[in-house]
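The structure file work_12.txt is reproduced below (compact mmCIF, N, CA and C atoms).
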```txt
# COMPACT_ATOMS: atom_id res chain seq x y z
N MET R 1 -3.63 15.07 -6.44
CA MET R 1 -3.10 14.45 -7.62
C MET R 1 -3.01 12.96 -7.36
N THR R 2 -3.52 12.17 -8.28
CA THR R 2 -3.44 10.72 -8.11
C THR R 2 -3.07 10.05 -9.43
N ILE R 3 -2.40 8.93 -9.30
CA ILE R 3 -2.04 8.08 -10.42
C ILE R 3 -2.52 6.68 -10.07
N PRO R 4 -3.42 6.09 -10.85
CA PRO R 4 -3.83 4.71 -10.57
C PRO R 4 -2.65 3.75 -10.69
N VAL R 5 -2.64 2.74 -9.82
CA VAL R 5 -1.61 1.71 -9.86
C VAL R 5 -2.30 0.38 -10.13
N PRO R 6 -2.29 -0.07 -11.40
CA PRO R 6 -2.88 -1.38 -11.68
C PRO R 6 -2.03 -2.47 -11.04
N PHE R 7 -2.64 -3.61 -10.78
CA PHE R 7 -1.94 -4.68 -10.08
C PHE R 7 -0.63 -5.06 -10.77
N HIS R 8 -0.61 -5.08 -12.10
CA HIS R 8 0.62 -5.50 -12.79
C HIS R 8 1.78 -4.53 -12.58
N ARG R 9 1.51 -3.34 -12.05
CA ARG R 9 2.57 -2.37 -11.75
C ARG R 9 2.86 -2.28 -10.25
N LEU R 10 2.15 -3.03 -9.43
CA LEU R 10 2.27 -2.90 -7.99
C LEU R 10 3.68 -3.22 -7.48
N ALA R 11 4.29 -4.29 -7.94
CA ALA R 11 5.63 -4.66 -7.47
C ALA R 11 6.63 -3.54 -7.78
N GLU R 12 6.51 -2.96 -8.96
CA GLU R 12 7.38 -1.86 -9.35
C GLU R 12 7.19 -0.66 -8.43
N ALA R 13 5.95 -0.35 -8.11
CA ALA R 13 5.68 0.78 -7.23
C ALA R 13 6.21 0.52 -5.82
N ILE R 14 5.93 -0.66 -5.27
CA ILE R 14 6.37 -0.98 -3.91
C ILE R 14 7.89 -0.89 -3.79
N ALA R 15 8.60 -1.26 -4.84
CA ALA R 15 10.07 -1.24 -4.80
C ALA R 15 10.64 0.16 -4.59
N CYS R 16 9.84 1.19 -4.80
CA CYS R 16 10.29 2.57 -4.64
C CYS R 16 10.13 3.10 -3.21
N PHE R 17 9.62 2.26 -2.32
CA PHE R 17 9.30 2.70 -0.97
C PHE R 17 9.98 1.82 0.07
N ASN R 18 9.90 2.27 1.32
CA ASN R 18 10.39 1.50 2.46
C ASN R 18 9.21 0.76 3.09
N SER R 19 9.17 0.64 4.38
CA SER R 19 8.09 -0.04 5.09
C SER R 19 6.76 0.69 4.90
N ALA R 20 5.69 -0.07 5.05
CA ALA R 20 4.34 0.48 4.93
C ALA R 20 3.68 0.54 6.29
N SER R 21 2.60 1.30 6.36
CA SER R 21 1.72 1.30 7.53
C SER R 21 0.48 0.50 7.16
N LEU R 22 0.19 -0.53 7.95
CA LEU R 22 -1.01 -1.33 7.78
C LEU R 22 -2.08 -0.75 8.69
N ILE R 23 -3.24 -0.43 8.12
CA ILE R 23 -4.34 0.12 8.90
C ILE R 23 -5.47 -0.90 8.91
N THR R 24 -5.83 -1.34 10.12
CA THR R 24 -6.94 -2.28 10.30
C THR R 24 -7.96 -1.65 11.22
N LEU R 25 -9.17 -2.15 11.15
CA LEU R 25 -10.24 -1.62 11.98
C LEU R 25 -11.16 -2.75 12.42
N PRO R 26 -11.12 -3.09 13.71
CA PRO R 26 -12.09 -4.06 14.19
C PRO R 26 -13.43 -3.35 14.34
N TYR R 27 -14.50 -4.10 14.41
CA TYR R 27 -15.81 -3.49 14.59
C TYR R 27 -15.88 -2.81 15.95
N GLY R 28 -16.34 -1.56 15.95
CA GLY R 28 -16.58 -0.84 17.20
C GLY R 28 -15.35 -0.38 17.94
N ALA R 29 -14.23 -0.18 17.26
CA ALA R 29 -13.01 0.24 17.95
C ALA R 29 -12.24 1.23 17.07
N HIS R 30 -11.17 1.76 17.62
CA HIS R 30 -10.32 2.68 16.88
C HIS R 30 -9.44 1.91 15.90
N VAL R 31 -8.94 2.61 14.91
CA VAL R 31 -8.04 1.97 13.96
C VAL R 31 -6.78 1.52 14.67
N LYS R 32 -6.15 0.51 14.11
CA LYS R 32 -4.87 0.01 14.61
C LYS R 32 -3.88 0.16 13.46
N VAL R 33 -2.71 0.68 13.77
CA VAL R 33 -1.68 0.92 12.75
C VAL R 33 -0.43 0.13 13.12
N HIS R 34 0.08 -0.61 12.15
CA HIS R 34 1.32 -1.39 12.33
C HIS R 34 2.29 -1.04 11.21
N THR R 35 3.56 -1.00 11.51
CA THR R 35 4.58 -0.88 10.47
C THR R 35 4.88 -2.29 9.96
N VAL R 36 4.81 -2.46 8.63
CA VAL R 36 4.96 -3.79 8.03
C VAL R 36 5.79 -3.71 6.75
N ASP R 37 6.25 -4.86 6.31
CA ASP R 37 6.99 -4.99 5.06
C ASP R 37 6.31 -6.04 4.19
N PRO R 38 5.23 -5.65 3.50
CA PRO R 38 4.48 -6.63 2.70
C PRO R 38 5.30 -7.17 1.54
N LEU R 39 5.05 -8.43 1.22
CA LEU R 39 5.65 -9.09 0.07
C LEU R 39 4.55 -9.40 -0.93
N LEU R 40 4.89 -9.46 -2.19
CA LEU R 40 3.95 -9.93 -3.20
C LEU R 40 4.25 -11.40 -3.47
N GLU R 41 3.27 -12.26 -3.20
CA GLU R 41 3.41 -13.71 -3.41
C GLU R 41 2.12 -14.25 -4.00
N ASP R 42 2.24 -14.98 -5.08
CA ASP R 42 1.08 -15.66 -5.68
C ASP R 42 -0.10 -14.71 -5.92
N GLY R 43 0.18 -13.51 -6.40
CA GLY R 43 -0.88 -12.58 -6.76
C GLY R 43 -1.54 -11.85 -5.61
N ARG R 44 -0.92 -11.88 -4.43
CA ARG R 44 -1.50 -11.14 -3.30
C ARG R 44 -0.36 -10.60 -2.43
N LEU R 45 -0.72 -9.69 -1.56
CA LEU R 45 0.23 -9.16 -0.59
C LEU R 45 0.23 -10.05 0.64
N VAL R 46 1.41 -10.26 1.20
CA VAL R 46 1.54 -11.12 2.39
C VAL R 46 2.37 -10.38 3.43
N ILE R 47 1.85 -10.35 4.64
CA ILE R 47 2.60 -9.81 5.77
C ILE R 47 2.97 -11.00 6.63
N LYS R 48 4.23 -11.37 6.58
CA LYS R 48 4.72 -12.54 7.32
C LYS R 48 4.73 -12.25 8.82
N ASN R 49 4.34 -13.26 9.59
CA ASN R 49 4.36 -13.17 11.05
C ASN R 49 3.72 -11.89 11.56
N ALA R 50 2.51 -11.66 11.10
CA ALA R 50 1.77 -10.45 11.49
C ALA R 50 1.47 -10.46 12.99
N LYS R 51 1.34 -9.29 13.54
CA LYS R 51 0.97 -9.17 14.96
C LYS R 51 -0.42 -9.78 15.17
N ASP R 52 -0.63 -10.33 16.36
CA ASP R 52 -1.93 -10.95 16.67
C ASP R 52 -3.09 -9.98 16.48
N SER R 53 -2.91 -8.72 16.86
CA SER R 53 -4.00 -7.75 16.71
C SER R 53 -4.33 -7.51 15.24
N ALA R 54 -3.35 -7.53 14.36
CA ALA R 54 -3.61 -7.38 12.92
C ALA R 54 -4.38 -8.59 12.40
N LEU R 55 -4.02 -9.78 12.86
CA LEU R 55 -4.74 -10.99 12.44
C LEU R 55 -6.17 -10.97 12.95
N ARG R 56 -6.36 -10.59 14.21
CA ARG R 56 -7.72 -10.51 14.77
C ARG R 56 -8.56 -9.46 14.07
N ASN R 57 -7.97 -8.28 13.85
CA ASN R 57 -8.72 -7.21 13.20
C ASN R 57 -9.08 -7.58 11.76
N GLY R 58 -8.16 -8.23 11.06
CA GLY R 58 -8.46 -8.67 9.70
C GLY R 58 -9.59 -9.67 9.66
N ALA R 59 -9.71 -10.50 10.70
CA ALA R 59 -10.81 -11.46 10.78
C ALA R 59 -12.13 -10.75 11.11
N ALA R 60 -12.07 -9.72 11.96
CA ALA R 60 -13.28 -8.99 12.36
C ALA R 60 -13.78 -8.07 11.25
N ASN R 61 -12.85 -7.46 10.52
CA ASN R 61 -13.20 -6.54 9.43
C ASN R 61 -12.10 -6.68 8.38
N PRO R 62 -12.36 -7.38 7.28
CA PRO R 62 -11.31 -7.65 6.31
C PRO R 62 -10.85 -6.46 5.48
N ASN R 63 -11.54 -5.32 5.58
CA ASN R 63 -11.13 -4.14 4.82
C ASN R 63 -9.89 -3.53 5.45
N VAL R 64 -8.78 -3.53 4.71
CA VAL R 64 -7.52 -2.98 5.22
C VAL R 64 -6.93 -2.01 4.20
N THR R 65 -6.06 -1.16 4.70
CA THR R 65 -5.34 -0.21 3.85
C THR R 65 -3.87 -0.27 4.21
N LEU R 66 -3.03 -0.21 3.18
CA LEU R 66 -1.58 -0.09 3.35
C LEU R 66 -1.17 1.26 2.79
N ILE R 67 -0.31 1.96 3.52
CA ILE R 67 0.20 3.26 3.07
C ILE R 67 1.71 3.26 3.16
N TRP R 68 2.34 3.53 2.03
CA TRP R 68 3.78 3.74 1.97
C TRP R 68 4.00 5.24 1.80
N GLN R 69 4.61 5.88 2.79
CA GLN R 69 4.89 7.31 2.69
C GLN R 69 6.12 7.56 1.82
N SER R 70 6.10 8.68 1.14
CA SER R 70 7.22 9.02 0.26
C SER R 70 8.51 9.15 1.05
N PRO R 71 9.61 8.61 0.50
CA PRO R 71 10.90 8.83 1.15
C PRO R 71 11.51 10.18 0.75
N TYR R 72 10.81 10.95 -0.11
CA TYR R 72 11.33 12.22 -0.61
C TYR R 72 10.39 13.37 -0.26
N PRO R 73 10.92 14.55 0.00
CA PRO R 73 10.04 15.70 0.22
C PRO R 73 9.16 15.94 -1.02
N HIS R 74 7.88 16.10 -0.77
CA HIS R 74 6.88 16.36 -1.81
C HIS R 74 6.79 15.24 -2.84
N GLY R 75 7.19 14.04 -2.44
CA GLY R 75 7.10 12.88 -3.32
C GLY R 75 5.73 12.23 -3.23
N TRP R 76 5.60 11.14 -3.92
CA TRP R 76 4.35 10.38 -3.99
C TRP R 76 4.25 9.40 -2.84
N SER R 77 3.03 9.19 -2.33
CA SER R 77 2.74 8.11 -1.39
C SER R 77 1.94 7.06 -2.14
N LEU R 78 2.09 5.81 -1.74
CA LEU R 78 1.36 4.70 -2.34
C LEU R 78 0.31 4.22 -1.34
N ILE R 79 -0.94 4.14 -1.80
CA ILE R 79 -2.03 3.66 -0.95
C ILE R 79 -2.68 2.47 -1.64
N VAL R 80 -2.79 1.36 -0.92
CA VAL R 80 -3.41 0.14 -1.44
C VAL R 80 -4.53 -0.29 -0.49
N ASP R 81 -5.69 -0.54 -1.06
CA ASP R 81 -6.81 -1.10 -0.31
C ASP R 81 -7.00 -2.55 -0.71
N GLY R 82 -7.41 -3.37 0.27
CA GLY R 82 -7.62 -4.77 -0.03
C GLY R 82 -8.44 -5.48 1.03
N GLN R 83 -8.62 -6.76 0.80
CA GLN R 83 -9.36 -7.64 1.71
C GLN R 83 -8.37 -8.60 2.36
N ALA R 84 -8.41 -8.66 3.68
CA ALA R 84 -7.42 -9.43 4.44
C ALA R 84 -8.03 -10.68 5.07
N TRP R 85 -7.18 -11.67 5.28
CA TRP R 85 -7.53 -12.85 6.06
C TRP R 85 -6.25 -13.46 6.61
N ALA R 86 -6.41 -14.19 7.69
CA ALA R 86 -5.27 -14.84 8.33
C ALA R 86 -5.00 -16.18 7.67
N ASN R 87 -3.73 -16.47 7.51
CA ASN R 87 -3.27 -17.77 7.03
C ASN R 87 -2.16 -18.20 7.98
N GLY R 88 -2.54 -18.83 9.07
CA GLY R 88 -1.58 -19.15 10.13
C GLY R 88 -1.06 -17.84 10.71
N PRO R 89 0.26 -17.65 10.78
CA PRO R 89 0.80 -16.41 11.37
C PRO R 89 0.86 -15.25 10.39
N ASP R 90 0.47 -15.50 9.13
CA ASP R 90 0.59 -14.48 8.09
C ASP R 90 -0.75 -13.82 7.79
N LEU R 91 -0.71 -12.54 7.45
CA LEU R 91 -1.89 -11.82 7.01
C LEU R 91 -1.83 -11.73 5.49
N MET R 92 -2.82 -12.27 4.83
CA MET R 92 -2.91 -12.26 3.37
C MET R 92 -3.83 -11.11 2.97
N ILE R 93 -3.47 -10.40 1.91
CA ILE R 93 -4.29 -9.27 1.46
C ILE R 93 -4.51 -9.38 -0.04
N GLU R 94 -5.77 -9.47 -0.42
CA GLU R 94 -6.17 -9.48 -1.83
C GLU R 94 -6.27 -8.04 -2.30
N TYR R 95 -5.50 -7.68 -3.30
CA TYR R 95 -5.46 -6.32 -3.85
C TYR R 95 -6.81 -5.94 -4.44
N GLU R 96 -7.29 -4.74 -4.09
CA GLU R 96 -8.50 -4.19 -4.69
C GLU R 96 -8.17 -2.95 -5.53
N THR R 97 -7.54 -1.96 -4.92
CA THR R 97 -7.18 -0.74 -5.63
C THR R 97 -5.85 -0.22 -5.11
N GLY R 98 -5.19 0.55 -5.95
CA GLY R 98 -3.96 1.20 -5.55
C GLY R 98 -3.79 2.52 -6.28
N ILE R 99 -3.26 3.50 -5.56
CA ILE R 99 -2.98 4.79 -6.17
C ILE R 99 -1.67 5.35 -5.61
N LEU R 100 -1.03 6.14 -6.43
CA LEU R 100 0.03 7.03 -5.98
C LEU R 100 -0.64 8.38 -5.79
N THR R 101 -0.33 9.07 -4.71
CA THR R 101 -1.03 10.32 -4.43
C THR R 101 -0.11 11.31 -3.73
N ARG R 102 -0.42 12.58 -3.96
CA ARG R 102 0.21 13.68 -3.23
C ARG R 102 -0.65 14.91 -3.47
N PRO R 103 -0.58 15.89 -2.56
CA PRO R 103 -1.37 17.10 -2.77
C PRO R 103 -0.86 17.87 -3.99
N GLY R 104 -1.75 18.60 -4.63
CA GLY R 104 -1.37 19.37 -5.80
C GLY R 104 -0.24 20.35 -5.55
N TYR R 105 -0.19 20.91 -4.34
CA TYR R 105 0.87 21.89 -4.05
C TYR R 105 2.24 21.23 -3.84
N HIS R 106 2.32 19.91 -3.92
CA HIS R 106 3.61 19.20 -3.86
C HIS R 106 4.13 18.91 -5.28
N ASN R 107 3.59 19.58 -6.30
CA ASN R 107 3.98 19.29 -7.67
C ASN R 107 5.41 19.73 -7.99
N ASP R 108 6.09 20.35 -7.03
CA ASP R 108 7.50 20.66 -7.23
C ASP R 108 8.39 19.48 -6.85
N GLY R 109 7.78 18.39 -6.38
CA GLY R 109 8.53 17.19 -6.01
C GLY R 109 8.84 16.35 -7.24
N PRO R 110 9.45 15.19 -7.03
CA PRO R 110 9.82 14.33 -8.16
C PRO R 110 8.61 13.85 -8.95
N GLN R 111 8.77 13.79 -10.25
CA GLN R 111 7.71 13.27 -11.12
C GLN R 111 7.76 11.74 -11.11
N TRP R 112 6.62 11.10 -11.34
CA TRP R 112 6.56 9.64 -11.37
C TRP R 112 6.78 9.16 -12.79
N VAL R 113 7.71 8.22 -12.96
CA VAL R 113 7.98 7.61 -14.25
C VAL R 113 8.08 6.12 -14.02
N TRP R 114 7.27 5.34 -14.77
CA TRP R 114 7.37 3.88 -14.66
C TRP R 114 8.67 3.41 -15.29
N GLN R 115 9.11 2.22 -14.94
CA GLN R 115 10.39 1.70 -15.42
C GLN R 115 10.47 1.61 -16.94
N ASP R 116 9.32 1.43 -17.59
CA ASP R 116 9.34 1.35 -19.05
C ASP R 116 9.34 2.73 -19.72
N GLY R 117 9.45 3.79 -18.88
CA GLY R 117 9.52 5.15 -19.41
C GLY R 117 8.17 5.86 -19.49
N GLU R 118 7.07 5.15 -19.23
CA GLU R 118 5.75 5.78 -19.29
C GLU R 118 5.65 6.84 -18.20
N ARG R 119 5.18 8.00 -18.60
CA ARG R 119 4.98 9.13 -17.67
C ARG R 119 3.49 9.39 -17.57
N PRO R 120 2.85 8.91 -16.49
CA PRO R 120 1.41 9.14 -16.34
C PRO R 120 1.12 10.63 -16.13
N ALA R 121 -0.10 11.04 -16.46
CA ALA R 121 -0.50 12.42 -16.22
C ALA R 121 -0.36 12.73 -14.73
N GLN R 122 0.24 13.89 -14.44
CA GLN R 122 0.52 14.25 -13.04
C GLN R 122 0.07 15.66 -12.79
```

structure tokens encoding of this file:
Amino acid sequence: MTIPVPFHRLAEAIACFNSASLITLPYGAHVKVHTVDPLLEDGRLVIKNAKDSALRNGAANPNVTLIWQSPYPHGWSLIVDGQAWANGPDLMIEYETGILTRPGYHNDGPQWVWQDGERPAQ
């Protein structure tokens, strides 16, 4: 089950979660996972004072994924894909796509409702 998350709804979605997992992949190596707290600034995601390996990996392969796991049993997870680059000590991520997702058999968990009351198909 998936619900698209357009960029204009991203801040609202992120506010429902705790820290995210940043997944980076340098060329020819295993994925690297970091726990991060991305901020939305000037139309992009920013990871302040990112680890050196995240900055290096973002330079080697700018395709990154952020995953926020549900804080509730059978709840929704938020997955965002984007393009990353280093800006001094910060990792900048240009949003490409975002979805809320969970397996179909978790449909007994909480339903997703946007703040304006919209209930997407679930």

Give the helix (DSSP H, G or I) residues of chain R, as DSSP finds them on the backbone, and put them as a ChimeraX atom specification.
/R:7-14,52-60,104-106

Quick one, how far is atom CA of R:Thr101 from atom CA of R:Gly28?
->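 So the answer is 28.9 Å.
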
Residue neighbourhood R:Gly98, 6.5 Å, only N, CA and C atoms, exclusion window fewer than 4 positions, as an mmCIF file with N, CA and C atoms, in the coordinates of the input:
```cif
data_model
loop_
_atom_site.group_PDB
_atom_site.id
_atom_site.type_symbol
_atom_site.label_atom_id
_atom_site.label_comp_id
_atom_site.auth_asym_id
_atom_site.auth_seq_id
_atom_site.Cartn_x
_atom_site.Cartn_y
_atom_site.Cartn_z
ATOM 1 N N ILE R 3 -2.400 8.930 -9.300
ATOM 2 C CA ILE R 3 -2.040 8.080 -10.420
ATOM 3 C C ILE R 3 -2.520 6.680 -10.070
ATOM 4 N N PRO R 4 -3.420 6.090 -10.850
ATOM 5 C CA PRO R 4 -3.830 4.710 -10.570
ATOM 6 C C PRO R 4 -2.650 3.750 -10.690
ATOM 7 N N VAL R 5 -2.640 2.740 -9.820
ATOM 8 C CA VAL R 5 -1.610 1.710 -9.860
ATOM 9 C C VAL R 5 -2.300 0.380 -10.130
ATOM 10 N N PRO R 6 -2.290 -0.070 -11.400
ATOM 11 C CA PRO R 6 -2.880 -1.380 -11.680
ATOM 12 C C PRO R 6 -2.030 -2.470 -11.040
ATOM 13 N N ILE R 79 -0.940 4.140 -1.800
ATOM 14 C CA ILE R 79 -2.030 3.660 -0.950
ATOM 15 C C ILE R 79 -2.680 2.470 -1.640
ATOM 16 N N VAL R 80 -2.790 1.360 -0.920
ATOM 17 C CA VAL R 80 -3.410 0.140 -1.440
ATOM 18 C C VAL R 80 -4.530 -0.290 -0.490
ATOM 19 N N ASP R 81 -5.690 -0.540 -1.060
ATOM 20 C CA ASP R 81 -6.810 -1.100 -0.310
ATOM 21 C C ASP R 81 -7.000 -2.550 -0.710
#
```

Can you list, as a count of residues only, every protein, DNA or RNA residue that comes within 8 Å of R:Gly88 when you count all atoms listed in the file, leaving out same-chain residues fewer than 6 positions away? 3

Among the residues of chain R, find those DSSP assigns to strand (DSSP E) from the backbone and print them as a ChimeraX atom specification. /R:2-4,20-24,32-36,39-41,44-47,63-68,77-87,90-101

When you draw a straight line from atom N of R:Gln122 to atom CA of R:Leu66, how long is it in Å?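 Separating atom N of R:Gln122 from atom CA of R:Leu66 is a distance of 22.7 Å.
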
_Using only N, CA and C atoms for the distances, tell me which of R:Glu96, R:Asp108, R:Glu12, R:Asp90 is nearest to R:Val46._
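The answer is R:Asp90, which sits nearest to R:Val46.
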
When you count only N, CA and C atoms, which of these residues is closest to R:Arg56: R:Ala86, R:Thr97, R:Phe7, R:His106?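 The answer is R:Ala86, which sits nearest to R:Arg56.
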
### Task
For R:Phe17, work out the shell of residues within 9 Å, counting only C-alpha atoms and skipping chain neighbours fewer than 5 positions away, then give it as a list in words.
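Residues meeting the cut-off are Trp68, Gln69, Ser70, Pro71, Ser77 and Leu78 of chain R.
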
Selected residues written out, N, CA and C atoms, as a CSV table (one decimal), in the coordinates of the input:
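The resulting out_6.csv:
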```
chain,number,residue,atom,x,y,z
R,68,TRP,N,2.3,3.5,2.0
R,68,TRP,CA,3.8,3.7,2.0
R,68,TRP,C,4.0,5.2,1.8
R,69,GLN,N,4.6,5.9,2.8
R,69,GLN,CA,4.9,7.3,2.7
R,69,GLN,C,6.1,7.6,1.8
R,70,SER,N,6.1,8.7,1.1
R,70,SER,CA,7.2,9.0,0.3
R,70,SER,C,8.5,9.2,1.0
R,71,PRO,N,9.6,8.6,0.5
R,71,PRO,CA,10.9,8.8,1.2
R,71,PRO,C,11.5,10.2,0.8
R,77,SER,N,3.0,9.2,-2.3
R,77,SER,CA,2.7,8.1,-1.4
R,77,SER,C,1.9,7.1,-2.1
R,78,LEU,N,2.1,5.8,-1.7
R,78,LEU,CA,1.4,4.7,-2.3
R,78,LEU,C,0.3,4.2,-1.3
```

* To do: Can you work out the spacing between atom CA of R:Ala15 and atom CA of R:Lys51 in Å, to one decimal?
  =>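 Computing the Euclidean distance for atom CA of R:Ala15 and atom CA of R:Lys51 yields 23.2 Å.
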
Please list as a VMD selection string every residue within 5 Å of stretch 33-41 of chain R, counting all atoms listed in the file and excluding residues in the same chain fewer than 2 positions away. chain R and resid 19 to 23 31 43 to 47

| query | Looking at only N, CA and C atoms, which of R:Ile99, R:Met92, R:Leu25, R:Met1 is the one that sits closest to R:Thr65? | reply |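 Answer, going by the shortest atom-to-atom distance: R:Leu25.
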